[in-house]
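This is protein-v6.txt (compact mmCIF, C-alpha atoms).
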# COMPACT_ATOMS: atom_id res chain seq x y z
CA MET A 1 0.00 0.00 0.00
CA THR A 2 1.19 3.47 -0.84
CA VAL A 3 1.69 5.51 2.30
CA PRO A 4 -0.29 8.78 2.16
CA ASP A 5 1.94 11.71 1.28
CA PRO A 6 1.58 14.37 4.00
CA ALA A 7 2.52 17.10 1.52
CA GLY A 8 0.20 15.75 -1.14
CA VAL A 9 -3.48 15.44 -1.92
CA ASP A 10 -5.18 12.05 -1.84
CA PHE A 11 -7.79 11.64 -4.55
CA TYR A 12 -10.12 8.71 -3.90
CA PHE A 13 -12.67 7.57 -6.46
CA GLU A 14 -14.82 4.62 -7.47
CA PHE A 15 -14.87 3.68 -11.15
CA SER A 16 -18.67 3.36 -11.02
CA SER A 17 -19.11 6.98 -9.88
CA PRO A 18 -20.12 9.64 -12.45
CA TYR A 19 -18.87 12.41 -10.19
CA GLY A 20 -15.60 10.48 -9.78
CA TYR A 21 -15.31 10.38 -13.57
CA ILE A 22 -15.82 14.13 -13.87
CA ALA A 23 -13.31 14.68 -11.06
CA ALA A 24 -10.72 12.54 -12.84
CA GLU A 25 -11.18 14.71 -15.92
CA ILE A 26 -10.43 17.92 -13.99
CA ALA A 27 -8.06 16.61 -11.30
CA GLU A 28 -4.83 17.24 -13.14
CA GLU A 29 -5.63 20.88 -13.78
CA ALA A 30 -6.52 21.27 -10.10
CA GLU A 31 -3.27 19.54 -9.15
CA GLN A 32 -1.28 22.01 -11.25
CA ARG A 33 -3.04 25.00 -9.75
CA MET A 34 -2.47 23.71 -6.22
CA GLY A 35 1.14 22.76 -6.79
CA ARG A 36 0.73 19.71 -4.54
CA PRO A 37 1.25 16.18 -5.88
CA MET A 38 -1.95 14.16 -6.13
CA SER A 39 -2.21 10.44 -5.39
CA TRP A 40 -4.95 8.70 -7.33
CA ARG A 41 -6.59 5.99 -5.23
CA PRO A 42 -9.49 4.01 -6.71
CA MET A 43 -11.64 2.41 -4.04
CA LEU A 44 -14.95 0.54 -3.84
CA LEU A 45 -18.15 1.99 -2.47
CA GLY A 46 -19.84 -1.40 -1.91
CA PRO A 47 -18.00 -2.08 1.39
CA VAL A 48 -18.69 1.52 2.52
CA PHE A 49 -22.42 1.21 1.90
CA LYS A 50 -22.44 -2.06 3.83
CA LEU A 51 -20.73 -0.31 6.73
CA ASN A 52 -22.86 2.81 6.96
CA GLY A 53 -26.20 1.41 5.78
CA GLN A 54 -26.33 3.60 2.66
CA GLN A 55 -27.08 2.51 -0.87
CA PRO A 56 -26.13 3.66 -4.36
CA LEU A 57 -27.45 7.18 -4.99
CA VAL A 58 -29.67 6.19 -7.91
CA ASN A 59 -31.44 3.57 -5.80
CA VAL A 60 -32.58 6.10 -3.17
CA PRO A 61 -36.23 7.09 -3.76
CA MET A 62 -36.61 10.69 -5.03
CA LYS A 63 -32.84 11.28 -4.86
CA GLY A 64 -32.17 8.77 -7.64
CA ASP A 65 -34.16 10.58 -10.32
CA TYR A 66 -32.60 13.85 -9.28
CA ALA A 67 -29.09 12.42 -9.44
CA LYS A 68 -29.56 11.35 -13.05
CA ARG A 69 -30.28 14.96 -14.00
CA ASP A 70 -27.44 16.29 -11.90
CA PHE A 71 -24.88 13.93 -13.47
CA VAL A 72 -25.70 15.37 -16.90
CA ARG A 73 -25.69 18.98 -15.70
CA THR A 74 -22.41 18.58 -13.80
CA ALA A 75 -20.74 16.94 -16.80
CA ARG A 76 -21.93 19.81 -18.98
CA LEU A 77 -20.67 22.37 -16.45
CA HIS A 78 -17.19 20.87 -16.73
CA LYS A 79 -17.45 20.25 -20.49
CA VAL A 80 -16.98 16.51 -20.06
CA PRO A 81 -18.77 14.07 -22.41
CA PHE A 82 -21.32 11.99 -20.49
CA ARG A 83 -23.88 9.34 -21.37
CA TYR A 84 -25.84 7.59 -18.63
CA PRO A 85 -24.68 3.96 -18.94
CA ASP A 86 -27.13 1.14 -19.59
CA LYS A 87 -25.66 -0.82 -16.67
CA PHE A 88 -25.31 1.32 -13.58
CA PRO A 89 -23.85 1.00 -11.02
CA LEU A 90 -21.57 -1.97 -11.63
CA ASN A 91 -18.73 -3.89 -9.99
CA THR A 92 -15.38 -2.21 -10.60
CA VAL A 93 -13.00 -4.38 -8.61
CA ALA A 94 -11.16 -5.62 -11.75
CA ALA A 95 -10.62 -2.03 -12.96
CA ALA A 96 -9.34 -1.02 -9.51
CA ARG A 97 -6.94 -3.97 -9.43
CA ALA A 98 -5.70 -3.14 -12.93
CA PHE A 99 -5.06 0.43 -11.78
CA TYR A 100 -2.93 -0.58 -8.78
CA TRP A 101 -0.98 -3.08 -10.84
CA MET A 102 -0.15 -0.30 -13.32
CA GLN A 103 0.45 2.20 -10.50
CA ASP A 104 3.29 0.07 -9.12
CA GLN A 105 5.04 0.19 -12.48
CA ASP A 106 4.20 3.60 -13.93
CA PRO A 107 1.95 6.06 -12.04
CA ALA A 108 1.45 8.30 -15.10
CA LYS A 109 0.28 5.34 -17.13
CA ALA A 110 -2.00 4.31 -14.28
CA ARG A 111 -3.72 7.72 -14.45
CA ALA A 112 -4.14 7.36 -18.19
CA LEU A 113 -5.62 3.91 -17.61
CA ALA A 114 -8.04 5.28 -14.98
CA LYS A 115 -9.25 7.94 -17.38
CA ALA A 116 -9.62 5.32 -20.12
CA PHE A 117 -11.78 3.11 -17.85
CA TYR A 118 -13.94 6.09 -16.94
CA ARG A 119 -14.42 7.24 -20.53
CA ALA A 120 -15.18 3.71 -21.67
CA TYR A 121 -17.91 3.53 -19.05
CA PHE A 122 -19.40 7.02 -18.94
CA ALA A 123 -18.79 8.29 -22.46
CA ASP A 124 -18.87 5.06 -24.50
CA ASN A 125 -21.37 3.01 -22.46
CA ARG A 126 -19.05 0.02 -22.14
CA ASP A 127 -19.48 -2.53 -19.35
CA ILE A 128 -16.19 -2.17 -17.47
CA SER A 129 -17.22 -4.82 -14.94
CA THR A 130 -16.15 -7.57 -17.34
CA LEU A 131 -12.59 -8.86 -17.55
CA GLU A 132 -12.83 -8.72 -21.34
CA THR A 133 -13.57 -4.98 -21.40
CA VAL A 134 -10.98 -4.20 -18.73
CA LEU A 135 -8.33 -5.92 -20.83
CA ASP A 136 -9.51 -4.34 -24.06
CA VAL A 137 -9.52 -0.82 -22.58
CA ALA A 138 -6.08 -1.46 -21.09
CA ARG A 139 -4.74 -2.64 -24.43
CA THR A 140 -6.06 0.46 -26.20
CA ALA A 141 -4.41 2.57 -23.48
CA GLY A 142 -1.05 1.01 -24.38
CA VAL A 143 -0.92 -1.43 -21.47
CA ASP A 144 0.42 -4.98 -21.80
CA ALA A 145 -2.93 -6.78 -21.60
CA GLU A 146 -1.46 -10.27 -21.38
CA ALA A 147 0.66 -9.36 -18.37
CA LEU A 148 -2.37 -7.62 -16.84
CA ALA A 149 -4.56 -10.71 -17.38
CA LYS A 150 -2.01 -12.79 -15.48
CA ALA A 151 -1.71 -10.18 -12.71
CA LEU A 152 -5.47 -10.07 -12.23
CA GLU A 153 -5.35 -13.72 -11.16
CA ASP A 154 -2.61 -13.07 -8.63
CA PRO A 155 -3.88 -13.18 -5.00
CA ALA A 156 -1.21 -10.61 -4.11
CA LEU A 157 -2.84 -8.00 -6.36
CA LYS A 158 -6.26 -8.78 -4.89
CA GLU A 159 -4.82 -8.38 -1.41
CA ARG A 160 -3.05 -5.13 -2.36
CA THR A 161 -6.29 -3.67 -3.71
CA LYS A 162 -8.24 -4.78 -0.65
CA ARG A 163 -5.69 -3.05 1.58
CA GLU A 164 -6.16 0.18 -0.40
CA VAL A 165 -9.95 -0.01 -0.01
CA ASP A 166 -9.63 -0.75 3.71
CA ALA A 167 -7.22 2.16 4.12
CA ALA A 168 -9.61 4.50 2.30
CA ILE A 169 -12.44 3.52 4.61
CA ALA A 170 -10.16 3.89 7.63
CA ALA A 171 -9.33 7.40 6.38
CA GLY A 172 -13.05 8.21 6.41
CA VAL A 173 -13.77 7.99 2.69
CA PHE A 174 -17.50 7.34 2.21
CA GLY A 175 -18.17 8.69 -1.28
CA SER A 176 -16.64 9.45 -4.67
CA PRO A 177 -14.79 11.58 -5.47
CA PHE A 178 -13.20 12.23 -2.12
CA PHE A 179 -10.08 14.29 -1.47
CA ILE A 180 -7.98 14.51 1.68
CA VAL A 181 -5.30 17.13 2.19
CA ASP A 182 -3.52 17.72 5.50
CA GLY A 183 -6.18 15.50 7.11
CA GLU A 184 -9.04 17.66 5.81
CA PRO A 185 -11.68 15.79 3.78
CA PHE A 186 -13.52 17.14 0.73
CA TRP A 187 -16.33 15.10 -0.78
CA GLY A 188 -17.70 15.67 -4.26
CA VAL A 189 -16.50 17.16 -7.51
CA ASP A 190 -18.39 20.29 -6.41
CA ARG A 191 -15.93 20.65 -3.54
CA VAL A 192 -12.82 20.89 -5.75
CA PRO A 193 -12.85 24.72 -5.70
CA MET A 194 -13.12 24.58 -1.89
CA LEU A 195 -10.22 22.13 -1.78
CA GLU A 196 -8.12 24.45 -3.93
CA ASP A 197 -9.07 27.38 -1.76
CA TRP A 198 -8.08 25.40 1.34
CA VAL A 199 -4.64 24.69 -0.10
CA ARG A 200 -4.20 28.28 -1.30
CA THR A 201 -5.13 29.86 2.04
CA GLY A 202 -3.46 27.27 4.26
CA GLY A 203 -6.65 25.90 5.81
CA TRP A 204 -8.48 27.25 8.83
CA MET B 1 -51.63 26.73 -0.47
CA THR B 2 -49.78 29.04 -2.78
CA VAL B 3 -49.89 27.79 -6.36
CA PRO B 4 -46.34 27.48 -7.81
CA ASP B 5 -45.53 30.42 -10.05
CA PRO B 6 -44.45 29.09 -13.46
CA ALA B 7 -42.36 32.19 -14.09
CA GLY B 8 -40.81 32.08 -10.62
CA VAL B 9 -38.33 30.07 -8.61
CA ASP B 10 -39.55 27.89 -5.74
CA PHE B 11 -37.15 27.88 -2.81
CA TYR B 12 -37.84 25.03 -0.38
CA PHE B 13 -36.03 24.75 2.94
CA GLU B 14 -36.28 23.16 6.37
CA PHE B 15 -35.54 25.36 9.38
CA SER B 16 -33.34 22.63 10.87
CA SER B 17 -31.03 22.59 7.83
CA PRO B 18 -27.67 24.41 8.00
CA TYR B 19 -27.42 24.50 4.22
CA GLY B 20 -30.98 25.87 4.11
CA TYR B 21 -29.89 28.63 6.47
CA ILE B 22 -26.94 29.57 4.30
CA ALA B 23 -29.20 29.48 1.23
CA ALA B 24 -31.69 31.83 2.92
CA GLU B 25 -28.82 34.26 3.54
CA ILE B 26 -27.85 34.36 -0.14
CA ALA B 27 -31.24 33.72 -1.81
CA GLU B 28 -32.26 37.34 -2.22
CA GLU B 29 -29.05 38.29 -4.02
CA ALA B 30 -29.52 35.27 -6.30
CA GLU B 31 -33.14 36.32 -6.90
CA GLN B 32 -32.03 39.80 -7.95
CA ARG B 33 -29.40 38.44 -10.31
CA MET B 34 -31.90 36.02 -11.88
CA GLY B 35 -34.68 38.57 -12.17
CA ARG B 36 -37.28 35.91 -11.37
CA PRO B 37 -39.51 36.16 -8.28
CA MET B 38 -38.69 33.59 -5.61
CA SER B 39 -41.30 31.86 -3.45
CA TRP B 40 -40.00 30.84 -0.04
CA ARG B 41 -41.48 27.53 1.07
CA PRO B 42 -40.39 26.04 4.38
CA MET B 43 -41.03 22.29 4.57
CA LEU B 44 -40.21 19.41 6.89
CA LEU B 45 -37.63 16.73 6.18
CA GLY B 46 -39.02 14.25 8.73
CA PRO B 47 -41.82 13.02 6.44
CA VAL B 48 -39.38 12.82 3.51
CA PHE B 49 -36.94 10.67 5.45
CA LYS B 50 -39.80 8.37 6.48
CA LEU B 51 -40.77 8.04 2.81
CA ASN B 52 -37.38 7.36 1.29
CA GLY B 53 -35.72 5.55 4.19
CA GLN B 54 -33.07 8.20 4.72
CA GLN B 55 -32.04 9.81 7.98
CA PRO B 56 -30.63 13.16 9.08
CA LEU B 57 -27.20 13.71 7.55
CA VAL B 58 -25.37 13.95 10.87
CA ASN B 59 -26.74 10.54 11.94
CA VAL B 60 -25.23 8.70 8.96
CA PRO B 61 -21.99 6.96 9.95
CA MET B 62 -18.87 8.61 8.42
CA LYS B 63 -20.99 11.19 6.56
CA GLY B 64 -22.13 12.82 9.81
CA ASP B 65 -18.66 13.83 10.98
CA TYR B 66 -17.85 15.10 7.53
CA ALA B 67 -21.04 17.15 7.37
CA LYS B 68 -20.16 18.99 10.57
CA ARG B 69 -16.94 20.19 8.96
CA ASP B 70 -18.64 21.04 5.71
CA PHE B 71 -21.33 23.16 7.41
CA VAL B 72 -18.62 25.37 8.89
CA ARG B 73 -16.62 25.59 5.66
CA THR B 74 -19.69 26.37 3.57
CA ALA B 75 -20.82 29.08 6.00
CA ARG B 76 -17.34 30.59 5.84
CA LEU B 77 -17.33 30.45 2.03
CA HIS B 78 -20.50 32.53 2.00
CA LYS B 79 -19.40 34.76 4.91
CA VAL B 80 -22.38 33.70 7.02
CA PRO B 81 -22.02 33.42 10.83
CA PHE B 82 -22.45 29.80 11.93
CA ARG B 83 -22.27 27.93 15.21
CA TYR B 84 -23.14 24.24 15.36
CA PRO B 85 -26.23 24.19 17.63
CA ASP B 86 -26.29 22.19 20.85
CA LYS B 87 -29.59 20.60 19.82
CA PHE B 88 -29.48 19.35 16.25
CA PRO B 89 -31.55 18.49 14.33
CA LEU B 90 -34.81 19.59 15.93
CA ASN B 91 -38.53 19.81 15.18
CA THR B 92 -39.36 22.95 13.23
CA VAL B 93 -43.07 22.58 12.60
CA ALA B 94 -43.97 25.59 14.79
CA ALA B 95 -41.51 27.81 12.91
CA ALA B 96 -42.89 26.60 9.57
CA ARG B 97 -46.45 27.33 10.67
CA ALA B 98 -45.44 30.78 11.88
CA PHE B 99 -43.88 31.44 8.49
CA TYR B 100 -47.00 30.52 6.51
CA TRP B 101 -49.20 32.54 8.83
CA MET B 102 -47.02 35.58 8.21
CA GLN B 103 -46.73 34.79 4.51
CA ASP B 104 -50.50 35.11 4.07
CA GLN B 105 -50.35 38.63 5.50
CA ASP B 106 -47.00 40.04 4.39
CA PRO B 107 -44.56 37.94 2.30
CA ALA B 108 -41.65 40.33 2.89
CA LYS B 109 -42.14 40.10 6.64
CA ALA B 110 -42.37 36.31 6.33
CA ARG B 111 -38.91 36.26 4.72
CA ALA B 112 -37.55 38.43 7.50
CA LEU B 113 -39.09 36.04 10.02
CA ALA B 114 -37.56 33.03 8.28
CA LYS B 115 -34.12 34.62 8.41
CA ALA B 116 -34.67 35.49 12.07
CA PHE B 117 -35.54 31.85 12.92
CA TYR B 118 -32.47 30.64 11.07
CA ARG B 119 -30.12 33.10 12.73
CA ALA B 120 -31.59 32.36 16.16
CA TYR B 121 -30.85 28.69 15.59
CA PHE B 122 -27.58 28.61 13.66
CA ALA B 123 -25.87 31.79 14.82
CA ASP B 124 -27.27 32.22 18.36
CA ASN B 125 -27.75 28.56 19.35
CA ARG B 126 -31.38 29.04 20.36
CA ASP B 127 -33.80 26.11 20.49
CA ILE B 128 -36.37 27.12 17.86
CA SER B 129 -38.38 23.94 18.44
CA THR B 130 -40.07 25.52 21.47
CA LEU B 131 -43.15 27.68 21.21
CA GLU B 132 -41.56 30.15 23.60
CA THR B 133 -38.54 30.76 21.35
CA VAL B 134 -40.67 30.89 18.20
CA LEU B 135 -42.79 33.63 19.75
CA ASP B 136 -39.81 35.49 21.14
CA VAL B 137 -37.97 35.47 17.81
CA ALA B 138 -41.17 36.59 16.07
CA ARG B 139 -41.63 39.43 18.54
CA THR B 140 -38.07 40.64 17.99
CA ALA B 141 -38.70 40.50 14.24
CA GLY B 142 -41.61 42.91 14.68
CA VAL B 143 -44.36 40.31 14.45
CA ASP B 144 -47.51 40.44 16.62
CA ALA B 145 -46.61 37.55 18.91
CA GLU B 146 -49.98 37.36 20.62
CA ALA B 147 -51.81 36.99 17.32
CA LEU B 148 -49.23 34.42 16.26
CA ALA B 149 -49.68 32.43 19.49
CA LYS B 150 -53.41 32.23 18.78
CA ALA B 151 -52.85 31.29 15.14
CA LEU B 152 -50.50 28.47 16.10
CA GLU B 153 -53.41 26.79 17.87
CA ASP B 154 -55.67 27.07 14.84
CA PRO B 155 -56.20 23.71 13.05
CA ALA B 156 -56.54 25.62 9.77
CA LEU B 157 -52.91 26.80 10.01
CA LYS B 158 -51.74 23.29 10.84
CA GLU B 159 -53.64 21.98 7.83
CA ARG B 160 -52.28 24.74 5.57
CA THR B 161 -48.71 23.92 6.59
CA LYS B 162 -49.28 20.20 6.10
CA ARG B 163 -50.55 20.87 2.58
CA GLU B 164 -47.38 22.85 1.81
CA VAL B 165 -45.19 19.99 3.04
CA ASP B 166 -47.21 17.43 1.07
CA ALA B 167 -46.98 19.61 -2.04
CA ALA B 168 -43.21 19.93 -1.62
CA ILE B 169 -42.84 16.16 -1.42
CA ALA B 170 -45.16 15.73 -4.42
CA ALA B 171 -42.89 18.14 -6.32
CA GLY B 172 -39.93 15.85 -5.56
CA VAL B 173 -38.29 17.86 -2.78
CA PHE B 174 -36.13 15.51 -0.69
CA GLY B 175 -33.55 17.82 0.84
CA SER B 176 -32.83 21.38 1.92
CA PRO B 177 -32.31 23.79 0.33
CA PHE B 178 -34.12 22.75 -2.83
CA PHE B 179 -34.99 24.99 -5.77
CA ILE B 180 -37.33 24.30 -8.66
CA VAL B 181 -37.49 26.51 -11.73
CA ASP B 182 -39.42 25.61 -14.88
CA GLY B 183 -39.77 22.09 -13.46
CA GLU B 184 -36.00 21.67 -13.09
CA PRO B 185 -34.81 20.76 -9.56
CA PHE B 186 -31.62 22.00 -7.88
CA TRP B 187 -30.64 20.55 -4.51
CA GLY B 188 -28.11 22.18 -2.21
CA VAL B 189 -26.72 25.63 -1.59
CA ASP B 190 -23.79 24.51 -3.75
CA ARG B 191 -26.18 24.30 -6.71
CA VAL B 192 -27.25 27.96 -6.56
CA PRO B 193 -24.67 29.01 -9.21
CA MET B 194 -25.95 26.18 -11.44
CA LEU B 195 -29.53 27.36 -10.87
CA GLU B 196 -28.56 30.91 -11.84
CA ASP B 197 -26.74 29.62 -14.89
CA TRP B 198 -29.81 27.60 -15.85
CA VAL B 199 -32.03 30.68 -15.68
CA ARG B 200 -29.47 32.83 -17.53
CA THR B 201 -28.99 30.39 -20.39
CA GLY B 202 -32.61 29.23 -20.65
CA GLY B 203 -32.03 25.64 -19.57
CA TRP B 204 -30.93 22.74 -21.74
What does the file become when written as structure tokens?
Amino acid sequence: MTVPDPAGVDFYFEFSSPYGYIAAEIAEEAEQRMGRPMSWRPMLLGPVFKLNGQQPLVNVPMKGDYAKRDFVRTARLHKVPFRYPDKFPLNTVAAARAFYWMQDQDPAKARALAKAFYRAYFADNRDISTLETVLDVARTAGVDAEALAKALEDPALKERTKREVDAAIAAGVFGSPFFIVDGEPFWGVDRVPMLEDWVRTGGW
Amino acid sequence: MTVPDPAGVDFYFEFSSPYGYIAAEIAEEAEQRMGRPMSWRPMLLGPVFKLNGQQPLVNVPMKGDYAKRDFVRTARLHKVPFRYPDKFPLNTVAAARAFYWMQDQDPAKARALAKAFYRAYFADNRDISTLETVLDVARTAGVDAEALAKALEDPALKERTKREVDAAIAAGVFGSPFFIVDGEPFWGVDRVPMLEDWVRTGGW
């Protein structure tokens, strides 16, 4: 597990989260403005919802219908292509594992892979829960898909990913996207300006 | 019950909502910028939570602790005085009834009363669930407290308030603050800029 960087910003997200997708599209510009290195940390919301008795946003009565409108409006606000996927939400553990496998070799390539998974899902309506799509997206992103296929069967990678998810929950992450800087949490792509302001002004 | 104004903006809020308080502090500036009349409509979140199986934000594990930080940060962002109340959340039905009673006589005074309830609760830590405080805040806001005390015992006012809450829920309101313009819903004080943008650009 990567140890959190006290001088950096932790960026947690779930590959099945539309707001996480939009955040990933704008995170690098925010990182440049802040001048603090950002650690990308995919996690899984399933275990969080089990813990705190919540459920996926779109399944909550009244809130669900609203969320579908807000996804589209928020994507438009940030000029990010968005199409509500046919299958939503879905299991993203394979994508998260692929990310961490890449992260340990080449963090820049891992970011590119994360963005490719997100675009495949939320712009191109592809089912990124399947191994086939994960490998195909990885291949298109210039990743060695055969090596990845082997790695995805390795219990060590499963364990590594589980440790990341556990650490995210231990850090208080309950939604996506979620940022932590200097111990201060910011939840939601709509809180990115507040996060930047926090960094700029030095907090409280 | 006031019929929704198709040319106007409906502003729904619950007196026990910190984000509703902050919204009430900035709503009139937003109204001026939009150039569309705003109808203030206090409602109650208790019946909503019963309907959709949700619970007050601060009671949700993980989310609750986060929310307490975010209230303070959001108040600071908007330069609104805020103190986390000792008793939170609390029952605001008497305050809502007082509002609608005033609204039927003098809408401008009803707004002033709403802001006075909010400030009493979130700036001055007063328990606005009690009849005594409701009457005292009303008196200080220049309202005839004796007439209000009588009105609060009138079943017609209770029924009028209940109809407003039912109508809010029927309109899809599930949180506070909540704005609806031309049928389009905006939830959260953080969505006020998006609401203004919507009005400015004419929607989709």
Would you please work out which residue, of A:Val137, A:Ala145, A:Met194, A:Asp10, is nearest to chain B when using all atoms listed in the file?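 Of all the options, A:Met194 lies closest to chain B.
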Determine, using only C-alpha atoms, which residues of chain A have any atom at most 9 Å from an atom of chain B, and tabulate each with its shortest atom pair and distance in Å to one decimal place, rows ordered by chain and then rising number, as JSON lines.
{"residue": "A:Leu51", "atom": "CA", "partner": "B:Pro61", "partner_atom": "CA", "distance": 8.1}
{"residue": "A:Asn52", "atom": "CA", "partner": "B:Pro61", "partner_atom": "CA", "distance": 5.2}
{"residue": "A:Gly53", "atom": "CA", "partner": "B:Val60", "partner_atom": "CA", "distance": 8.0}
{"residue": "A:Gln54", "atom": "CA", "partner": "B:Val60", "partner_atom": "CA", "distance": 8.2}
{"residue": "A:Val60", "atom": "CA", "partner": "B:Asn52", "partner_atom": "CA", "distance": 6.7}
{"residue": "A:Pro61", "atom": "CA", "partner": "B:Asn52", "partner_atom": "CA", "distance": 5.2}
{"residue": "A:Met62", "atom": "CA", "partner": "B:Gly172", "partner_atom": "CA", "distance": 6.2}
{"residue": "A:Lys63", "atom": "CA", "partner": "B:Phe174", "partner_atom": "CA", "distance": 6.8}
{"residue": "A:Tyr66", "atom": "CA", "partner": "B:Pro185", "partner_atom": "CA", "distance": 7.3}
{"residue": "A:Arg69", "atom": "CA", "partner": "B:Pro185", "partner_atom": "CA", "distance": 8.6}
{"residue": "A:Asp70", "atom": "CA", "partner": "B:Phe186", "partner_atom": "CA", "distance": 8.1}
{"residue": "A:Arg73", "atom": "CA", "partner": "B:Met194", "partner_atom": "CA", "distance": 8.4}
{"residue": "A:Thr74", "atom": "CA", "partner": "B:Met194", "partner_atom": "CA", "distance": 8.7}
{"residue": "A:Leu77", "atom": "CA", "partner": "B:Met194", "partner_atom": "CA", "distance": 8.2}
{"residue": "A:Gly172", "atom": "CA", "partner": "B:Met62", "partner_atom": "CA", "distance": 6.2}
{"residue": "A:Val173", "atom": "CA", "partner": "B:Met62", "partner_atom": "CA", "distance": 7.7}
{"residue": "A:Phe174", "atom": "CA", "partner": "B:Met62", "partner_atom": "CA", "distance": 6.5}
{"residue": "A:Gly175", "atom": "CA", "partner": "B:Lys63", "partner_atom": "CA", "distance": 8.7}
{"residue": "A:Glu184", "atom": "CA", "partner": "B:Arg69", "partner_atom": "CA", "distance": 8.9}
{"residue": "A:Pro185", "atom": "CA", "partner": "B:Tyr66", "partner_atom": "CA", "distance": 7.3}
{"residue": "A:Phe186", "atom": "CA", "partner": "B:Asp70", "partner_atom": "CA", "distance": 8.1}
{"residue": "A:Trp187", "atom": "CA", "partner": "B:Tyr66", "partner_atom": "CA", "distance": 8.4}
{"residue": "A:Asp190", "atom": "CA", "partner": "B:Asp190", "partner_atom": "CA", "distance": 7.4}
{"residue": "A:Arg191", "atom": "CA", "partner": "B:Asp190", "partner_atom": "CA", "distance": 8.8}
{"residue": "A:Met194", "atom": "CA", "partner": "B:Leu77", "partner_atom": "CA", "distance": 8.2}
{"residue": "A:Trp204", "atom": "CA", "partner": "B:Arg73", "partner_atom": "CA", "distance": 8.9}
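Here atom CA of A:Pro42 and atom CA of A:Tyr21 stand 11.0 Å from one another.
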Rounded to one decimal place, report the atom CA of A:Arg111-atom CA of A:Gly46 distance in Å.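 Rounded to one decimal, the two atoms are 22.4 Å apart.
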I want to know what sits within 9 Å of stretch 25-33 of chain A, based on all atoms listed in the file, with residues of the same chain fewer than 3 positions away left out; could you give that as a ChimeraX atom specification? /A:9,11,20-22,36-38,78,80,115,189,192-193,196
Distance atom CA of A:Phe179-atom CA of A:Met34, one decimal place?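 Distance reported for this atom pair: 13.0 Å.
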Among A:Ala167, A:Leu45, A:Ala108, A:Ala123, A:Phe82 is approached most closely, using all atoms listed in the file, by A:Ala123
For each of A:Asp86, A:Asp166, A:Asp106, A:Glu14, take the minimum atom-to-atom distance to A:Asp127, counting all atoms listed in the file, then give the residue where this is smallest. A:Asp86
Do you know which residues are at most 10 Å from stretch 158-160 of chain A counting all atoms listed in the file, after dropping those on the same chain fewer than 2 positions away, and could you put them as a VMD selection string? chain A and resid 1 to 2 93 to 94 96 to 98 100 to 101 151 to 156 162 to 166
Given the choices B:Ala147, B:Val181, B:Pro81, B:Ser39, which gets closest to B:Leu135 if the distance is worked out from only C-alpha atoms?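 That would be B:Ala147, the residue with the smallest distance to B:Leu135.
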A:Val134, A:Leu44, A:Leu113, A:Ile180 ranked by distance to A:Ala149, top pick (using all atoms listed in the file):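 Closest to A:Ala149 of all the choices is A:Val134.
Compared by their closest atoms to A:Ala7, and using all atoms listed in the file, the residues A:Gly142, A:Gly35, A:Pro85, A:Phe122 rank with A:Gly35 nearest.
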